[in-house]
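Asker: Sharing work_13.cif here; it has mmCIF, C-alpha atoms.
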data_work
loop_
_atom_site.label_atom_id
_atom_site.label_comp_id
_atom_site.auth_asym_id
_atom_site.auth_seq_id
_atom_site.Cartn_x
_atom_site.Cartn_y
_atom_site.Cartn_z
CA MET R 1 -158.33 -24.86 -11.51
CA GLN R 2 -154.77 -23.57 -11.63
CA SER R 3 -152.74 -25.14 -14.42
CA THR R 4 -149.07 -26.04 -14.06
CA LEU R 5 -148.79 -25.09 -17.74
CA GLY R 6 -149.22 -21.43 -16.92
CA ALA R 7 -151.42 -18.89 -15.26
CA ALA R 8 -154.40 -19.58 -17.53
CA ALA R 9 -156.49 -22.41 -16.14
CA SER R 10 -158.54 -24.44 -18.54
CA THR R 11 -162.25 -23.68 -18.49
CA ASP R 12 -164.57 -26.57 -17.71
CA SER R 13 -166.50 -25.89 -20.91
CA ASP R 14 -163.40 -26.13 -23.14
CA GLU R 15 -162.19 -29.25 -21.37
CA GLU R 16 -165.63 -30.84 -21.79
CA LEU R 17 -165.59 -29.81 -25.46
CA LEU R 18 -162.22 -31.50 -25.95
CA HIS R 19 -163.52 -34.74 -24.44
CA ALA R 20 -166.59 -34.55 -26.69
CA CYS R 21 -164.34 -34.12 -29.73
CA VAL R 22 -162.28 -37.16 -28.75
CA ARG R 23 -165.40 -39.28 -28.27
CA GLY R 24 -166.87 -38.18 -31.59
CA MET R 25 -163.97 -39.20 -33.84
CA GLY R 26 -165.29 -41.27 -36.71
CA SER R 27 -168.79 -39.86 -36.41
CA GLN R 28 -170.24 -36.40 -35.80
CA LEU R 29 -170.51 -34.00 -32.92
CA SER R 30 -173.85 -33.18 -31.40
CA SER R 31 -175.30 -29.87 -32.59
CA ARG R 32 -174.57 -28.44 -29.13
CA ASP R 33 -170.91 -29.50 -29.22
CA GLU R 34 -170.42 -28.34 -32.80
CA ALA R 35 -171.81 -24.93 -31.86
CA ALA R 36 -169.39 -24.79 -28.91
CA LEU R 37 -166.49 -25.74 -31.19
CA ARG R 38 -167.42 -22.98 -33.65
CA ARG R 39 -167.59 -20.46 -30.78
CA TRP R 40 -164.14 -21.60 -29.67
CA TRP R 41 -162.90 -21.05 -33.23
CA THR R 42 -164.14 -17.44 -33.37
CA ILE R 43 -161.91 -16.62 -30.39
CA GLN R 44 -158.86 -18.33 -31.88
CA GLN R 45 -159.50 -16.74 -35.27
CA ARG R 46 -159.33 -13.29 -33.69
CA ARG R 47 -156.06 -14.18 -31.95
CA SER R 48 -154.44 -15.38 -35.18
CA HIS R 49 -156.06 -12.84 -37.53
CA LEU R 50 -152.94 -10.69 -37.93
CA LEU R 51 -150.76 -13.64 -38.95
CA ALA R 52 -153.43 -14.99 -41.30
CA THR R 53 -153.70 -11.55 -42.92
CA GLU R 54 -149.93 -11.43 -43.38
CA LEU R 55 -149.99 -14.84 -45.06
CA LEU R 56 -152.79 -13.83 -47.40
CA ALA R 57 -150.76 -10.80 -48.47
CA GLN R 58 -148.05 -13.16 -49.79
CA ARG R 59 -147.98 -15.68 -52.61
CA GLU R 60 -148.46 -19.23 -51.42
CA PRO R 61 -144.84 -20.43 -51.92
CA ALA R 62 -143.75 -17.72 -49.46
CA TRP R 63 -145.87 -19.34 -46.75
CA THR R 64 -143.15 -21.94 -46.25
CA ASP R 65 -140.55 -19.33 -45.26
CA ALA R 66 -143.06 -17.45 -43.11
CA LEU R 67 -143.84 -20.63 -41.25
CA LEU R 68 -140.20 -21.58 -40.76
CA GLN R 69 -139.46 -18.10 -39.41
CA HIS R 70 -142.30 -18.21 -36.89
CA ARG R 71 -141.12 -18.61 -33.30
CA ALA R 72 -143.17 -21.78 -32.84
CA HIS R 73 -140.93 -23.61 -35.32
CA ARG R 74 -137.65 -23.35 -33.41
CA HIS R 75 -139.06 -22.65 -29.98
CA ALA R 76 -136.70 -22.71 -26.99
CA PHE R 77 -138.65 -25.60 -25.48
CA PHE R 78 -137.22 -27.92 -28.12
CA ASP R 79 -133.72 -27.01 -26.92
CA GLU R 80 -134.93 -27.86 -23.41
CA LEU R 81 -135.87 -31.34 -24.64
CA ALA R 82 -132.56 -31.80 -26.44
CA GLU R 83 -130.26 -30.53 -23.69
CA ARG R 84 -131.84 -30.73 -20.24
CA ALA R 85 -135.16 -32.60 -19.94
CA ASP R 86 -135.13 -35.88 -18.01
CA ALA R 87 -137.17 -38.99 -18.78
CA ARG R 88 -140.05 -37.93 -16.53
CA GLU R 89 -140.30 -34.57 -18.29
CA PHE R 90 -140.32 -36.27 -21.68
CA ALA R 91 -143.02 -38.67 -20.50
CA ARG R 92 -145.12 -35.85 -19.11
CA PHE R 93 -144.82 -33.85 -22.33
CA LEU R 94 -145.89 -36.79 -24.51
CA LEU R 95 -148.57 -38.25 -22.25
CA GLU R 96 -150.27 -34.90 -21.75
CA ASN R 97 -150.95 -34.89 -25.49
CA TRP R 98 -153.24 -37.92 -25.18
CA ALA R 99 -156.14 -36.03 -26.82
CA LEU R 100 -154.41 -35.29 -30.12
CA PRO R 101 -156.47 -36.93 -32.87
CA PRO R 102 -154.89 -39.81 -34.81
CA PHE R 103 -152.90 -38.39 -37.70
CA LEU R 104 -154.32 -40.88 -40.20
CA ARG R 105 -157.88 -39.85 -39.36
CA LEU R 106 -156.96 -36.23 -40.06
CA VAL R 107 -155.29 -36.96 -43.38
CA GLU R 108 -158.24 -39.10 -44.44
CA ARG R 109 -160.62 -36.24 -43.61
CA ALA R 110 -158.48 -33.83 -45.63
CA MET R 111 -158.33 -36.26 -48.54
CA HIS R 112 -162.12 -36.49 -48.77
CA ALA R 113 -162.23 -32.73 -49.35
CA GLN R 114 -159.72 -32.69 -52.21
CA ILE R 115 -160.80 -31.34 -55.60
CA CYS R 116 -158.07 -32.65 -57.91
CA ASP R 117 -156.37 -35.97 -58.58
CA VAL R 118 -152.84 -34.73 -57.88
CA SER R 119 -153.85 -33.70 -54.34
CA ARG R 120 -155.58 -36.98 -53.64
CA ALA R 121 -152.49 -38.86 -54.86
CA ALA R 122 -150.24 -36.81 -52.56
CA LEU R 123 -152.36 -37.58 -49.51
CA MET R 124 -152.50 -41.24 -50.46
CA ARG R 125 -148.68 -41.21 -50.46
CA ASN R 126 -148.74 -39.67 -47.00
CA ILE R 127 -151.15 -42.32 -45.75
CA ARG R 128 -149.04 -45.08 -47.30
CA ASP R 129 -145.91 -43.73 -45.60
CA GLU R 130 -147.75 -43.73 -42.27
CA LEU R 131 -148.50 -47.45 -42.66
CA LEU R 132 -145.48 -48.94 -44.45
CA PRO R 133 -143.15 -50.63 -43.85
CA THR R 134 -144.21 -50.41 -40.19
CA ALA R 135 -147.21 -48.41 -39.01
CA HIS R 136 -146.08 -45.20 -37.35
CA ALA R 137 -148.65 -45.78 -34.61
CA GLU R 138 -146.86 -49.01 -33.71
CA LEU R 139 -143.48 -47.24 -33.66
CA MET R 140 -144.98 -44.59 -31.39
CA ARG R 141 -146.26 -47.27 -29.01
CA THR R 142 -142.74 -48.73 -28.80
CA LEU R 143 -141.35 -45.29 -27.96
CA MET R 144 -144.03 -44.59 -25.35
CA VAL R 145 -143.51 -47.94 -23.62
CA ALA R 146 -139.79 -47.21 -23.33
CA ILE R 147 -140.34 -43.67 -22.05
CA LYS R 148 -142.93 -44.71 -19.47
CA GLU R 149 -140.65 -47.48 -18.20
CA ARG R 150 -137.80 -44.99 -17.72
CA ALA R 151 -140.05 -42.36 -16.15
CA GLY R 152 -141.54 -44.65 -13.54
CA PRO R 153 -144.89 -44.27 -11.73
CA GLY R 154 -146.50 -41.23 -10.17
CA LEU R 155 -146.41 -38.76 -13.06
CA SER R 156 -148.65 -35.73 -12.64
CA LEU R 157 -150.27 -34.79 -15.94
CA ASP R 158 -151.84 -31.44 -16.79
CA LEU R 159 -154.41 -30.22 -19.30
CA GLY R 160 -153.98 -26.46 -19.40
CA GLN R 161 -155.83 -24.05 -21.65
CA SER R 162 -152.96 -23.61 -24.08
CA LEU R 163 -152.76 -27.38 -24.64
CA ILE R 164 -156.52 -27.59 -25.10
CA ASP R 165 -156.40 -24.80 -27.69
CA ARG R 166 -153.43 -26.35 -29.50
CA THR R 167 -155.37 -29.63 -29.72
CA LEU R 168 -158.81 -28.26 -30.61
CA ILE R 169 -157.46 -26.60 -33.77
CA PHE R 170 -157.20 -30.08 -35.32
CA TYR R 171 -160.67 -31.07 -34.16
CA TYR R 172 -162.11 -27.85 -35.56
CA GLY R 173 -160.67 -28.71 -38.95
CA TYR R 174 -161.81 -32.32 -38.71
CA TYR R 175 -165.39 -31.54 -37.76
CA CYS R 176 -166.04 -28.10 -39.26
CA ASP R 177 -163.59 -27.03 -42.00
CA ALA R 178 -161.44 -29.53 -43.89
CA TRP R 179 -159.45 -26.80 -45.67
CA ASN R 180 -158.59 -25.20 -42.34
CA LEU R 181 -157.35 -28.67 -41.39
CA VAL R 182 -155.22 -28.78 -44.54
CA GLY R 183 -153.48 -25.61 -43.35
CA SER R 184 -152.93 -26.99 -39.84
CA LEU R 185 -151.55 -30.28 -41.15
CA PHE R 186 -149.20 -28.48 -43.54
CA ALA R 187 -147.88 -26.37 -40.65
CA THR R 188 -147.47 -29.47 -38.50
CA GLU R 189 -145.48 -31.29 -41.18
CA MET R 190 -143.29 -28.22 -41.75
CA MET R 191 -142.42 -27.98 -38.06
CA GLY R 192 -141.99 -31.72 -37.56
CA HIS R 193 -138.40 -32.11 -38.75
CA HIS R 194 -136.85 -29.71 -36.24
CA ARG R 195 -139.03 -30.99 -33.39
CA MET R 196 -138.02 -34.59 -34.09
CA LEU R 197 -134.33 -33.72 -34.34
CA LYS R 198 -134.45 -32.13 -30.89
CA MET R 199 -136.48 -34.94 -29.36
CA GLY R 200 -134.12 -37.50 -30.85
CA ALA R 201 -131.11 -35.66 -29.45
CA GLY R 202 -132.65 -35.53 -25.98
CA LEU R 203 -133.72 -39.16 -25.89
CA THR R 204 -130.33 -40.31 -27.19
CA ARG R 205 -128.69 -38.21 -24.46
CA LEU R 206 -130.82 -40.09 -21.93
CA GLY R 207 -129.62 -43.46 -23.22
CA PHE R 208 -132.57 -44.64 -25.28
CA GLN R 209 -131.66 -47.27 -27.85
CA PRO R 210 -132.03 -46.85 -31.65
CA SER R 211 -134.69 -49.58 -31.70
CA GLU R 212 -136.75 -47.50 -29.25
CA LEU R 213 -136.30 -44.34 -31.34
CA GLU R 214 -137.40 -45.71 -34.70
CA PHE R 215 -140.45 -43.41 -34.68
CA ILE R 216 -138.13 -40.41 -34.36
CA ARG R 217 -135.77 -41.63 -37.10
CA VAL R 218 -138.57 -42.28 -39.58
CA HIS R 219 -140.07 -38.83 -39.05
CA ILE R 220 -136.71 -37.09 -39.36
CA GLU R 221 -136.36 -38.76 -42.75
CA CYS R 222 -139.87 -38.15 -44.08
CA ASP R 223 -141.36 -34.96 -42.59
CA GLU R 224 -139.57 -32.50 -44.88
CA GLY R 225 -140.61 -34.47 -47.95
CA HIS R 226 -144.19 -34.65 -46.75
CA ALA R 227 -144.24 -30.91 -46.13
CA ARG R 228 -143.02 -30.21 -49.68
CA ASP R 229 -145.64 -32.58 -51.02
CA TRP R 230 -148.38 -30.77 -49.11
CA MET R 231 -147.32 -27.44 -50.59
CA GLU R 232 -146.54 -28.53 -54.15
CA SER R 233 -149.20 -31.20 -54.62
CA VAL R 234 -152.05 -30.15 -52.30
CA LEU R 235 -152.03 -26.41 -51.55
CA LEU R 236 -150.84 -25.00 -54.88
CA PRO R 237 -152.95 -27.12 -57.26
CA SER R 238 -156.06 -26.73 -55.12
CA ILE R 239 -155.73 -22.96 -54.88
CA ARG R 240 -155.14 -22.74 -58.64
CA ILE R 241 -158.52 -24.40 -59.11
CA ASN R 242 -160.32 -22.45 -56.37
CA SER R 243 -158.65 -19.32 -55.02
CA GLU R 244 -161.26 -19.06 -52.24
CA LEU R 245 -159.44 -21.89 -50.49
CA ARG R 246 -156.57 -19.52 -49.64
CA ALA R 247 -158.42 -18.00 -46.68
CA PRO R 248 -159.27 -21.19 -44.73
CA ILE R 249 -155.85 -22.70 -45.45
CA ALA R 250 -154.06 -19.55 -44.24
CA ALA R 251 -156.30 -19.45 -41.17
CA GLY R 252 -155.40 -23.06 -40.37
CA ILE R 253 -151.69 -22.34 -40.69
CA ALA R 254 -151.90 -19.19 -38.59
CA THR R 255 -153.97 -20.67 -35.79
CA CYS R 256 -151.81 -23.78 -35.63
CA LEU R 257 -148.72 -21.58 -35.23
CA VAL R 258 -150.25 -19.20 -32.68
CA THR R 259 -151.73 -21.94 -30.48
CA SER R 260 -148.51 -23.97 -30.70
CA ALA R 261 -146.40 -20.98 -29.64
CA ARG R 262 -148.62 -20.28 -26.61
CA TYR R 263 -148.47 -23.94 -25.56
CA LEU R 264 -144.68 -24.09 -25.97
CA ASP R 265 -144.33 -20.87 -23.96
CA ASP R 266 -146.19 -22.54 -21.10
CA LEU R 267 -144.02 -25.64 -21.35
CA SER R 268 -140.88 -23.48 -21.20
CA ARG R 269 -142.14 -21.66 -18.11
CA ARG R 270 -142.92 -24.97 -16.42
CA ALA R 271 -139.42 -26.27 -17.26
CA LEU R 272 -137.88 -23.15 -15.71
CA ARG R 273 -139.89 -23.67 -12.52
CA HIS R 274 -138.74 -27.30 -12.46
CA ARG R 275 -135.10 -26.20 -12.78
CA ALA R 276 -135.57 -23.67 -9.97
CA VAL R 277 -136.92 -26.35 -7.64
CA GLN R 278 -134.04 -28.68 -8.48
CA SER R 279 -131.33 -26.06 -7.86
#
Starting from the file, give its structure as structure tokens.
Answerer:
Amino acid sequence: MQSTLGAAASTDSDEELLHACVRGMGSQLSSRDEAALRRWWTIQQRRSHLLATELLAQREPAWTDALLQHRAHRHAFFDELAERADAREFARFLLENWALPPFLRLVERAMHAQICDVSRAALMRNIRDELLPTAHAELMRTLMVAIKERAGPGLSLDLGQSLIDRTLIFYYGYYCDAWNLVGSLFATEMMGHHRMLKMGAGLTRLGFQPSELEFIRVHIECDEGHARDWMESVLLPSIRINSELRAPIAAGIATCLVTSARYLDDLSRRALRHRAVQS
């Protein structure tokens, strides 16, 4: 089927795989679904190979700058959210990401793979911050209720191939390669601050109240610190112990960036089409 997120329609097999991954959280995939997820990964690995190779040619501390300079980090779609998107566009953007795995589940999976105490302590801090003083999941529910009320009924949601790919990278790490997941989570934390600033600006522009935007405020305050903690207390100590971890971590970073950029490109094209219809 044709996707409103771009010319590339999602394949039935990849969409079915995504649903299987969602259903399997907390347990295991069937051997058939795991094989399909690994086949999906081989395609994405080829697409992100150049960036992963560039990362591996650098020392690990330089990965932070490389990530911040990648176009996915300050993508034009975030300016769209800040300056032009209406409540229905915000709602569509957030609701279409229904399949993203719970962040706590991902961090817990990464923690179980850790090989040193300092890394485990860092991820425990991240988990604690997700739960206290108010669980971030609860703050997100408050935000989503407010956005859905403003957006009203009749939203048309899409599940295009770029969104499926951007989501499956986390499931691949969860089910198949925890150190790849470490790379994807590090990239996500690094990009979170700018994304939240832009979302907060857009939602404030639309008249949302501070009490409704507490999820945004908390993440603006904590994402940069979490990202530093991932680098200094998870990536660096782990790689010092086992240098073979560099490759899966770099692959996770690279594929997270590449799939995010493709998804954001599709969102930008859809926003332009929306503007053209309105004018």
Asker: Quick one: residues within 12 Å of R:Gln45, only C-alpha atoms counted, chain neighbours fewer than 5 positions away excluded, as a PyMOL selection string?
Answerer: chain R and resi 38-40+50-53+165+169+172+180+247-248+250-259
Asker: Looking at all atoms listed in the file, which of R:Leu143, R:Ile43, R:Ala85, R:Leu17 is the one that sits closest to R:His274?
Answerer: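 Looking at the shortest contact to R:His274, the residue is R:Ala85.
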Asker: What does the PyMOL selection byres ((chain R and resi 262-273) around 9) select in this file, as a PyMOL selection string?
Answerer: chain R and resi 4-7+72+75-78+80+85+89+93+160-166+257-261+274-278
Asker: Pull the neighbourhood of (-150.2, -29.6, -46.7) for me: all residues within 6 Å in file coordinates, counting all atoms listed in the file, as a PyMOL selection string.
Answerer: chain R and resi 182+185-186+230-231+234
Asker: Can you measure atom CA of R:Met25 to atom CA of R:Met190 for me? One decimal in Å is fine.
Answerer: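 About the pair atom CA of R:Met25 and atom CA of R:Met190: they are 24.7 Å apart.
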Asker: If you take all atoms listed in the file and a cut-off of 10 Å, which residues of stretch 53-87 of chain R touch stretch 204-212 of chain R, and what are their nearest atom pairs and distances in Å to one decimal, in chain and number order, as a tab-separated table?
Answerer:
residue	atom	partner	partner_atom	distance
R:Leu81	CA	R:Arg205	CA	9.9
R:Ala82	CA	R:Arg205	CA	7.7
R:Glu83	CA	R:Arg205	CA	7.9
R:Arg84	CA	R:Arg205	CA	9.1
R:Ala85	CA	R:Leu206	CA	8.9
R:Asp86	CA	R:Leu206	CA	7.2
R:Ala87	CA	R:Leu206	CA	7.2
Asker: Find the residues around R:His219 up to 12 Å (only C-alpha atoms counted), leave out those fewer than 2 positions away in its own chain, and share them as a ChimeraX atom specification.
Answerer: /R:126,129-130,135-137,139-140,188-200,213-217,221-227
